[in-house]
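Reading through the structure tokens given below for one structure.
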There are 2 protein chains.
Amino acid sequence: MTKLYGAIEAGGTKFVCAVADEDLNVVERVSIPTTVPEETMTDVFAFFEKYEVESIGIASFGPIDVNRKSDTYGYITNTPKPGWKDYNFLGEMKKRFDVPYAWTTDVNGAAYGELKRGAAKGKDSCVYLTVGTGVGAGVVVGGKVIEGFGHPEVGHITMRRHPEDHYEGHCPFHKDCLEGLACGPAVEARQGGVKAYDIPKDDKAWEILAYYLAQACMDLTLILSPEKIVFGGGVSKQEQLFPMIRESFKEQMKGYVPTPDLDDYIVHVDLGDDAGITGCFLLAQEAAAK
Amino acid sequence: MTKLYGAIEAGGTKFVCAVADEDLNVVERVSIPTTVPEETMTDVFAFFEKYEVESIGIASFGPIDVNRKSDTYGYITNTPKPGWKDYNFLGEMKKRFDVPYAWTTDVNGAAYGELKRGAAKGKDSCVYLTVGTGVGAGVVVGGKVIEGFGHPEVGHITMRRHPEDHYEGHCPFHKDCLEGLACGPAVEARQGGVKAYDIPKDDKAWEILAYYLAQACMDLTLILSPEKIVFGGGVSKQEQLFPMIRESFKEQMKGYVPTPDLDDYIVHVDLGDDAGITGCFLLAQEAAAK
């Protein structure tokens, strides 16, 4: 009898729900729009009622509570998204499906997928950095996703400004943190509203963006020394950026830490849009094995 | 029969070697000056020849190679200290004492000691940040010291400069990284050579230092979300700094991440100079249990 596992990649615009066997062969996969919990979750519950799964892995948009010692463990916490603030995601799932669960952030799910089956396969550690409408990062160290009192919020680390960048920054909290200077809307606002795909490949805008992303890679390297830094999100489709990020990383690090070969260290996502759901399945299998 | 465990805290000025029982009751403890390997290590070997230990935990000054997949695992690598560059520390120990070993950085040893018996007791994660002649950090996540392709080098993360700080920075690699702006020699150079203990407690110098240390705490929080940040080294003796660091942390974070209560989050080292050797004993016991 084939064992089945469930996976939910809960994003801000859609929830991907899927069921697969031990070898990750997908039995069914659906995409459900993220509206309000009453609607979205009704469809999620209906989907999983069709299957007997061993366990379910959930990687959710955040912020979420991942602290097992907390009363609100398993909740989506302080999101501005209507209806989802303080939603007891894990609790509502458990009420209906009494199986073991894995519970982590969307980006940690993707980082885990890339570690086990993607660009960081065979490694024990990696950072998955997604740069699109926002900036987020998942972190795996020693084969496990990082959990402390909460989860990483790498998007908001402090940045030293590029000397030629006079854009004030897009973050409502910090203005010019990493996300405030490097997310898609920031790149476009810096150009006076020109869409990213319309900015010429040799425009200064890319040098400035590469500088910030390289600085993030450098600080992540100095703090975590991950075996790979994997870029996902819209930015990973801007091919011209990767050599620029590697070059700026080298320039900013000034040879202080000998890193792995940069072409092999700062890389593209390998599983593309499947990184997250793959991570969920693998985390679900581990939860079942415990 | 009482089981004995060995510990070596290998610092740049002295090596502390000790033997203790399972309950960390110290049988003997010696301090050996760090000169050249031929001298220092001869004394280290002689010390451990007197005992039958189950295992030995080593926390060494760096940079060191902690990558188990590397050919030079167990070496001190690129140090400027005469005689120690590329010294096969772990290999030379293993030749003489065929026991299980733990091998990590001096600051990771201290972080582990503080996690298990000190300021972060009962937690699963902490950062130990030492600020003195240099700046270094040990990191424990999920109960384990962080290891990726290498070890953390937190001292060299990028800093946004304090607007009133015009000191160029002390780091020979990056000038104004964290260490370059916040280590003891930087604090003194900024004041035109005034010794840190002679700088009045209400001098601007402390506000500037607190700003940089708070910024480091913020970035470490966003990347690692540790349950505690523990300060050691000379700086931890400047009592007036702690409220200033907490205040500046709050100001820079702008409420983005809800942290534990700051009085309980950014704290002093608890074990003082014993943090490192305590960590070594505990890591040795774990190595023996494997």
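For the structure tokens, the naming scheme is as follows: chains receive sequential letters (A, B, ...) according to their order of presentation, residues are indexed from 1 within each chain, and ligands are indexed from 1 in presentation order.
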### Message
Residues near segment 261-275 of chain A, anyone? I mean within 10 Å using only C-alpha atoms, not counting same-chain ones fewer than 2 positions away, as a PyMOL selection string.
### Response
chain A and resi 9+106-121+126-130+214+217+226-233+235-237+239+242-243+245-247+249-250+258-259+277-280
Hey, can you spit out that residue selection with C-alpha atoms as a PDB file, in the first residue's frame?
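Produced file out-v7.pdb, reproduced below:
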ATOM      1  CA  GLU A   9       2.557  26.012   0.129  1.00  0.00           C
ATOM      2  CA  ASP A 106       7.256  29.637   2.743  1.00  0.00           C
ATOM      3  CA  VAL A 107      10.912  30.553   2.209  1.00  0.00           C
ATOM      4  CA  ASN A 108      12.183  27.901   4.624  1.00  0.00           C
ATOM      5  CA  GLY A 109      10.117  25.362   2.669  1.00  0.00           C
ATOM      6  CA  ALA A 110      11.790  26.449  -0.555  1.00  0.00           C
ATOM      7  CA  ALA A 111      15.229  26.432   1.076  1.00  0.00           C
ATOM      8  CA  TYR A 112      14.641  22.868   2.250  1.00  0.00           C
ATOM      9  CA  GLY A 113      13.452  21.786  -1.196  1.00  0.00           C
ATOM     10  CA  GLU A 114      16.541  23.276  -2.826  1.00  0.00           C
ATOM     11  CA  LEU A 115      18.795  21.656  -0.229  1.00  0.00           C
ATOM     12  CA  LYS A 116      17.415  18.178  -0.706  1.00  0.00           C
ATOM     13  CA  ARG A 117      16.542  18.118  -4.404  1.00  0.00           C
ATOM     14  CA  GLY A 118      17.704  21.340  -6.013  1.00  0.00           C
ATOM     15  CA  ALA A 119      20.693  23.648  -6.334  1.00  0.00           C
ATOM     16  CA  ALA A 120      22.101  22.731  -2.907  1.00  0.00           C
ATOM     17  CA  LYS A 121      21.601  18.973  -3.214  1.00  0.00           C
ATOM     18  CA  CYS A 126      21.965  26.782   2.316  1.00  0.00           C
ATOM     19  CA  VAL A 127      20.235  30.127   2.147  1.00  0.00           C
ATOM     20  CA  TYR A 128      17.326  30.594  -0.252  1.00  0.00           C
ATOM     21  CA  LEU A 129      16.967  34.298  -0.989  1.00  0.00           C
ATOM     22  CA  THR A 130      13.893  35.373  -2.910  1.00  0.00           C
ATOM     23  CA  ALA A 214      26.056  41.149  -2.853  1.00  0.00           C
ATOM     24  CA  CYS A 217      25.265  37.630   0.490  1.00  0.00           C
ATOM     25  CA  PRO A 226      26.120  28.436   4.184  1.00  0.00           C
ATOM     26  CA  GLU A 227      27.344  26.035   1.517  1.00  0.00           C
ATOM     27  CA  LYS A 228      25.156  27.709  -1.128  1.00  0.00           C
ATOM     28  CA  ILE A 229      23.204  30.910  -1.605  1.00  0.00           C
ATOM     29  CA  VAL A 230      20.286  30.220  -3.934  1.00  0.00           C
ATOM     30  CA  PHE A 231      18.354  33.095  -5.539  1.00  0.00           C
ATOM     31  CA  GLY A 232      14.679  32.738  -6.389  1.00  0.00           C
ATOM     32  CA  GLY A 233      11.873  35.169  -7.225  1.00  0.00           C
ATOM     33  CA  VAL A 235      15.225  38.750  -9.745  1.00  0.00           C
ATOM     34  CA  SER A 236      16.583  35.307 -10.524  1.00  0.00           C
ATOM     35  CA  LYS A 237      15.310  35.764 -14.075  1.00  0.00           C
ATOM     36  CA  GLU A 239      20.562  36.780 -15.962  1.00  0.00           C
ATOM     37  CA  PHE A 242      24.498  37.098 -11.378  1.00  0.00           C
ATOM     38  CA  PRO A 243      28.004  37.941 -12.621  1.00  0.00           C
ATOM     39  CA  ILE A 245      26.507  40.097  -7.753  1.00  0.00           C
ATOM     40  CA  ARG A 246      29.514  37.751  -7.677  1.00  0.00           C
ATOM     41  CA  GLU A 247      31.882  40.543  -8.697  1.00  0.00           C
ATOM     42  CA  PHE A 249      30.619  40.243  -3.435  1.00  0.00           C
ATOM     43  CA  LYS A 250      34.329  39.724  -4.159  1.00  0.00           C
ATOM     44  CA  PRO A 258      37.809  32.103   1.467  1.00  0.00           C
ATOM     45  CA  THR A 259      34.420  31.050   0.069  1.00  0.00           C
ATOM     46  CA  ILE A 277       6.071  22.308  -2.478  1.00  0.00           C
ATOM     47  CA  THR A 278       9.008  19.885  -2.732  1.00  0.00           C
ATOM     48  CA  GLY A 279      10.289  21.137   0.609  1.00  0.00           C
ATOM     49  CA  CYS A 280       6.820  20.657   2.131  1.00  0.00           C
TER      50      CYS A 280
END
### Residue hits in chain B, query chain A, radius 7 Å, only C-alpha atoms, as a ChimeraX atom specification
/B:125,141-142,147-154,156-160,173-174,219,222-227,254,256
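Closest approach to Tyr73 of chain A among A:Val194, A:Ala288, A:His162, A:Asp86 is made by A:Asp86 (distances from only C-alpha atoms).
What separates atom CA of Ile58 of chain A from atom CA of Glu286 of chain A is a distance of 12.4 Å.
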### Query
If we count only C-alpha atoms, what is near segment 19-33 of chain B at a cut-off of 9 Å, once residues fewer than 2 positions away on the same chain are taken out, given as a list of chain:residue names?
B:Thr2, B:Lys3, B:Leu4, B:Tyr5, B:Gly6, B:Ala7, B:Gly12, B:Thr13, B:Lys14, B:Phe15, B:Val16, B:Cys17, B:Thr35, B:Glu39, B:Thr40, B:Met41, B:Asp43, B:Val44, B:Phe47, B:Phe48, B:Tyr51, B:Val53, B:Ile56, B:Thr278, B:Phe281, B:Leu282, B:Gln285
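Atom pair atom CA of Val187 of chain A / atom CA of Tyr212 of chain B has a distance of 27.6 Å (rounded to one decimal).
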### Message
Give me the residues near Glu188 of chain A as a PyMOL selection string, where near means some atom within 10 Å (using only C-alpha atoms) and where sequence neighbours in that chain fewer than 4 positions away do not count.
### Response
chain A and resi 182-184+192-199+205
Can those selected residues be exported to a file as a CSV table (one decimal), in the first residue's frame so that it contains N, CA and C atoms?
chain,number,residue,atom,x,y,z
A,182,ALA,N,16.0,46.9,-2.4
A,182,ALA,CA,16.3,45.9,-3.4
A,182,ALA,C,15.1,45.1,-3.9
A,183,CYS,N,13.9,45.4,-3.4
A,183,CYS,CA,12.7,44.6,-3.9
A,183,CYS,C,12.3,45.2,-5.2
A,184,GLY,N,11.5,44.5,-5.9
A,184,GLY,CA,11.1,45.0,-7.3
A,184,GLY,C,10.5,46.4,-7.3
A,192,GLY,N,12.0,56.0,-11.4
A,192,GLY,CA,10.9,56.9,-11.7
A,192,GLY,C,9.7,56.1,-12.2
A,193,GLY,N,9.6,54.9,-11.8
A,193,GLY,CA,8.4,54.1,-12.2
A,193,GLY,C,8.5,53.2,-13.5
A,194,VAL,N,9.7,53.2,-14.0
A,194,VAL,CA,10.0,52.3,-15.2
A,194,VAL,C,9.9,50.8,-14.7
A,195,LYS,N,9.1,50.0,-15.4
A,195,LYS,CA,9.0,48.6,-15.0
A,195,LYS,C,10.4,47.9,-15.1
A,196,ALA,N,10.7,46.9,-14.2
A,196,ALA,CA,12.0,46.3,-14.2
A,196,ALA,C,12.3,45.7,-15.5
A,197,TYR,N,11.3,45.1,-16.2
A,197,TYR,CA,11.7,44.4,-17.5
A,197,TYR,C,12.0,45.4,-18.6
A,198,ASP,N,11.6,46.7,-18.3
A,198,ASP,CA,11.9,47.7,-19.3
A,198,ASP,C,13.2,48.5,-19.1
A,199,ILE,N,13.9,48.1,-18.0
A,199,ILE,CA,15.2,48.8,-17.7
A,199,ILE,C,16.3,48.1,-18.5
A,205,ALA,N,21.0,51.0,-12.7
A,205,ALA,CA,20.1,50.4,-11.8
A,205,ALA,C,20.5,48.9,-11.4
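Atom pair atom CA of Pro185 of chain A / atom CA of Lys201 of chain A has a distance of 17.3 Å (rounded to one decimal).
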## Note on the structure
The residue from B:Val135, B:Leu213, B:Ile8, B:Ala289 with the smallest atom-to-atom distance to Leu90 of chain B, counting only C-alpha atoms, is B:Ile8
### Message
DSSP on the backbone: which residues in segment 130-213 of chain A end up as helix (DSSP H, G or I)? Give the answer as a PyMOL selection string.
### Response
chain A and resi 154-156+178-182+184-190+196-198+204-213
### Task
Run DSSP on the backbone of this structure and report the residues of segment 53-277 of chain A it assigns to strand (DSSP E or B), as a VMD selection string.
chain A and resid 56 to 60 64 76 87 101 to 105 126 to 131 135 to 141 144 to 145 171 175 229 to 232 266 to 268
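Across B:Leu181, B:Trp206, B:Phe45, B:Ala59, the tightest approach to Lys94 of chain B is made by B:Phe45 when counting only C-alpha atoms.
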### Message
I need the residue nearest Gly57 of chain A from this list: A:Pro100, A:Gly91, A:Gly132, A:Gly74. Use only C-alpha atoms for the distance.
### Response
A:Pro100
